[in-house]
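One structure below.
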Amino acid sequence: MAASGGAPRRDARIVGFVLVLGVLLTAGWFATGHASAPDRGLQQIDVLSLHERVPGVEAVRSKPTMVVLACSGSPQLPERYGVVVHRRRDPGYHDLARALALPDARDCRAGYALVDPAGFVRYRSYDPGWAAHSDEQSVLLDAL
């Protein structure tokens with residue numbers, strides 16, 4: 001009965017190849033951007049996990065605030081929240097879109113950032129239907 005020494009070696013090479021491939025794919029995923037870091041901007045691991053100061057972004061009267069970058073639409077949020085809407089024609093709009101890591105907002109892909117009462121950006125997202133999602137936004141703002 002002859003022992004088959006080639007099979008374990010071949011299996012080890014296959015396992016090694018799969019491990020290396022997995023590491024390379026994971027590294028590539030992080031290097032090119034992924035859902036937890038849209039547009040290679042502010043790092044967002046989970047909802048409301050950001051804690052970043054962004055120049056030009058502040059809470060309105062120390063209330064949880066939604067800062068919107070959009071070409072049209074108006075939010076219907078309760079008064080317990082602050083709302084600041086920036087339109088594409090406003091001075092500094094493009095710089096703010098870049099600072100908030102929402103560069104596609106420059107081309108009217110609507111997005112918004114949520115700012116806690118202390119003035120830290122805690123969440124940001126693209127949302128083409130942002131003006132109709134006040135219930136969802138209220139839930140997020142309540143968490144601040």
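We label chains A, B, ... in the order they appear in the structure tokens, count residues from 1 in each chain, and number ligands from 1 in the order shown.
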
Hey, what's within 8 Å of A:Gly56 if we count only C-alpha atoms and toss same-chain stuff fewer than 2 positions away? As a list of chain:residue names, please?
->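 Final neighbour list, sorted by chain and number: A:Val54, A:Glu58, A:Leu96.
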
Keeping only all heavy atoms, write the selected residues as an mmCIF file, in the first residue's frame.
data_model
loop_
_atom_site.group_PDB
_atom_site.id
_atom_site.type_symbol
_atom_site.label_atom_id
_atom_site.label_comp_id
_atom_site.auth_asym_id
_atom_site.auth_seq_id
_atom_site.Cartn_x
_atom_site.Cartn_y
_atom_site.Cartn_z
ATOM 1 N N VAL A 54 -16.716 69.188 10.599
ATOM 2 C CA VAL A 54 -16.588 69.591 9.207
ATOM 3 C C VAL A 54 -16.709 71.106 9.165
ATOM 4 O O VAL A 54 -17.715 71.659 9.623
ATOM 5 C CB VAL A 54 -17.677 68.931 8.324
ATOM 6 C CG1 VAL A 54 -17.613 69.452 6.903
ATOM 7 C CG2 VAL A 54 -17.519 67.420 8.340
ATOM 8 N N GLU A 58 -22.590 73.294 11.226
ATOM 9 C CA GLU A 58 -22.891 73.464 12.646
ATOM 10 C C GLU A 58 -24.334 73.054 12.921
ATOM 11 O O GLU A 58 -25.169 73.055 12.023
ATOM 12 C CB GLU A 58 -22.720 74.933 13.051
ATOM 13 C CG GLU A 58 -21.317 75.459 12.887
ATOM 14 C CD GLU A 58 -21.229 76.946 13.196
ATOM 15 O OE1 GLU A 58 -22.268 77.568 13.546
ATOM 16 O OE2 GLU A 58 -20.129 77.489 13.077
ATOM 17 N N LEU A 96 -18.568 72.396 0.184
ATOM 18 C CA LEU A 96 -19.274 71.702 1.256
ATOM 19 C C LEU A 96 -19.558 70.252 0.874
ATOM 20 O O LEU A 96 -19.389 69.347 1.699
ATOM 21 C CB LEU A 96 -20.581 72.424 1.593
ATOM 22 C CG LEU A 96 -21.365 71.876 2.770
ATOM 23 C CD1 LEU A 96 -20.536 71.914 4.044
ATOM 24 C CD2 LEU A 96 -22.655 72.653 2.952
#

From a DSSP calculation on the backbone, collect every residue of chain A in strand (DSSP E or B) and output the set as number ranges by chain.
-> A: 52, 65-70, 82-87, 111-115, 121-126

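Note that DSSP on the backbone gives alpha helix (DSSP H) to these residues of stretch 70-129 of chain A: Tyr93, His94, Asp95, Leu96, Ala97, Arg98 and Ala99 of chain A.
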
Long-range neighbours of stretch 64-81 of chain A as number ranges by chain, 6 Å cut-off, only C-alpha atoms, 3 positions minimum in chain = A: 59, 84-88, 108, 110-117, 131, 134, 141

The selected residues should be written to file as a compact mmCIF listing (two decimals), in the first residue's frame (atoms: N, CA, C and O atoms).
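Final file, result.txt:
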# COMPACT_ATOMS: atom_id res chain seq x y z
N ALA A 59 -24.61 72.75 14.17
CA ALA A 59 -25.98 72.48 14.59
C ALA A 59 -26.75 73.79 14.66
O ALA A 59 -26.18 74.83 15.00
N VAL A 84 -30.86 72.76 7.48
CA VAL A 84 -30.15 73.71 6.63
C VAL A 84 -30.09 73.09 5.25
O VAL A 84 -29.56 71.98 5.08
N VAL A 85 -30.65 73.78 4.26
CA VAL A 85 -30.66 73.27 2.89
C VAL A 85 -29.73 74.13 2.05
O VAL A 85 -29.87 75.35 2.00
N HIS A 86 -28.77 73.48 1.42
CA HIS A 86 -27.85 74.15 0.50
C HIS A 86 -28.22 73.75 -0.91
O HIS A 86 -28.38 72.56 -1.20
N ARG A 87 -28.36 74.73 -1.77
CA ARG A 87 -28.69 74.51 -3.17
C ARG A 87 -27.43 74.65 -4.02
O ARG A 87 -26.49 75.36 -3.64
N ARG A 88 -27.44 74.00 -5.13
CA ARG A 88 -26.28 73.98 -6.02
C ARG A 88 -25.80 75.39 -6.39
O ARG A 88 -24.61 75.62 -6.57
N CYS A 108 -26.21 67.25 -8.51
CA CYS A 108 -27.62 67.16 -8.08
C CYS A 108 -28.05 65.76 -7.67
O CYS A 108 -29.22 65.42 -7.74
N ALA A 110 -28.91 64.25 -4.67
CA ALA A 110 -29.18 64.78 -3.34
C ALA A 110 -28.57 63.93 -2.23
O ALA A 110 -28.56 62.70 -2.29
N GLY A 111 -28.06 64.61 -1.23
CA GLY A 111 -27.51 63.94 -0.06
C GLY A 111 -27.69 64.80 1.16
O GLY A 111 -28.03 65.98 1.06
N TYR A 112 -27.49 64.20 2.31
CA TYR A 112 -27.59 64.98 3.54
C TYR A 112 -26.67 64.42 4.60
O TYR A 112 -26.23 63.28 4.54
N ALA A 113 -26.37 65.27 5.57
CA ALA A 113 -25.57 64.88 6.73
C ALA A 113 -26.38 65.23 7.97
O ALA A 113 -27.14 66.21 7.97
N LEU A 114 -26.24 64.42 9.00
CA LEU A 114 -26.90 64.69 10.28
C LEU A 114 -25.84 65.15 11.27
O LEU A 114 -24.78 64.53 11.40
N VAL A 115 -26.15 66.22 11.94
CA VAL A 115 -25.21 66.86 12.86
C VAL A 115 -25.80 66.81 14.26
O VAL A 115 -26.97 67.18 14.45
N ASP A 116 -25.01 66.37 15.23
CA ASP A 116 -25.52 66.31 16.60
C ASP A 116 -25.53 67.72 17.21
O ASP A 116 -24.97 68.65 16.63
N PRO A 117 -26.16 67.89 18.37
CA PRO A 117 -26.25 69.22 18.98
C PRO A 117 -24.89 69.87 19.26
O PRO A 117 -24.79 71.09 19.33
N ALA A 131 -36.65 64.54 0.51
CA ALA A 131 -37.74 65.40 0.98
C ALA A 131 -38.96 64.61 1.42
O ALA A 131 -39.78 65.10 2.19
N SER A 134 -39.08 62.05 5.75
CA SER A 134 -38.96 62.70 7.04
C SER A 134 -39.13 61.74 8.22
O SER A 134 -38.51 61.93 9.26
N LEU A 141 -32.43 61.38 13.57
CA LEU A 141 -32.16 62.58 14.36
C LEU A 141 -32.48 62.37 15.84
O LEU A 141 -31.78 62.90 16.71
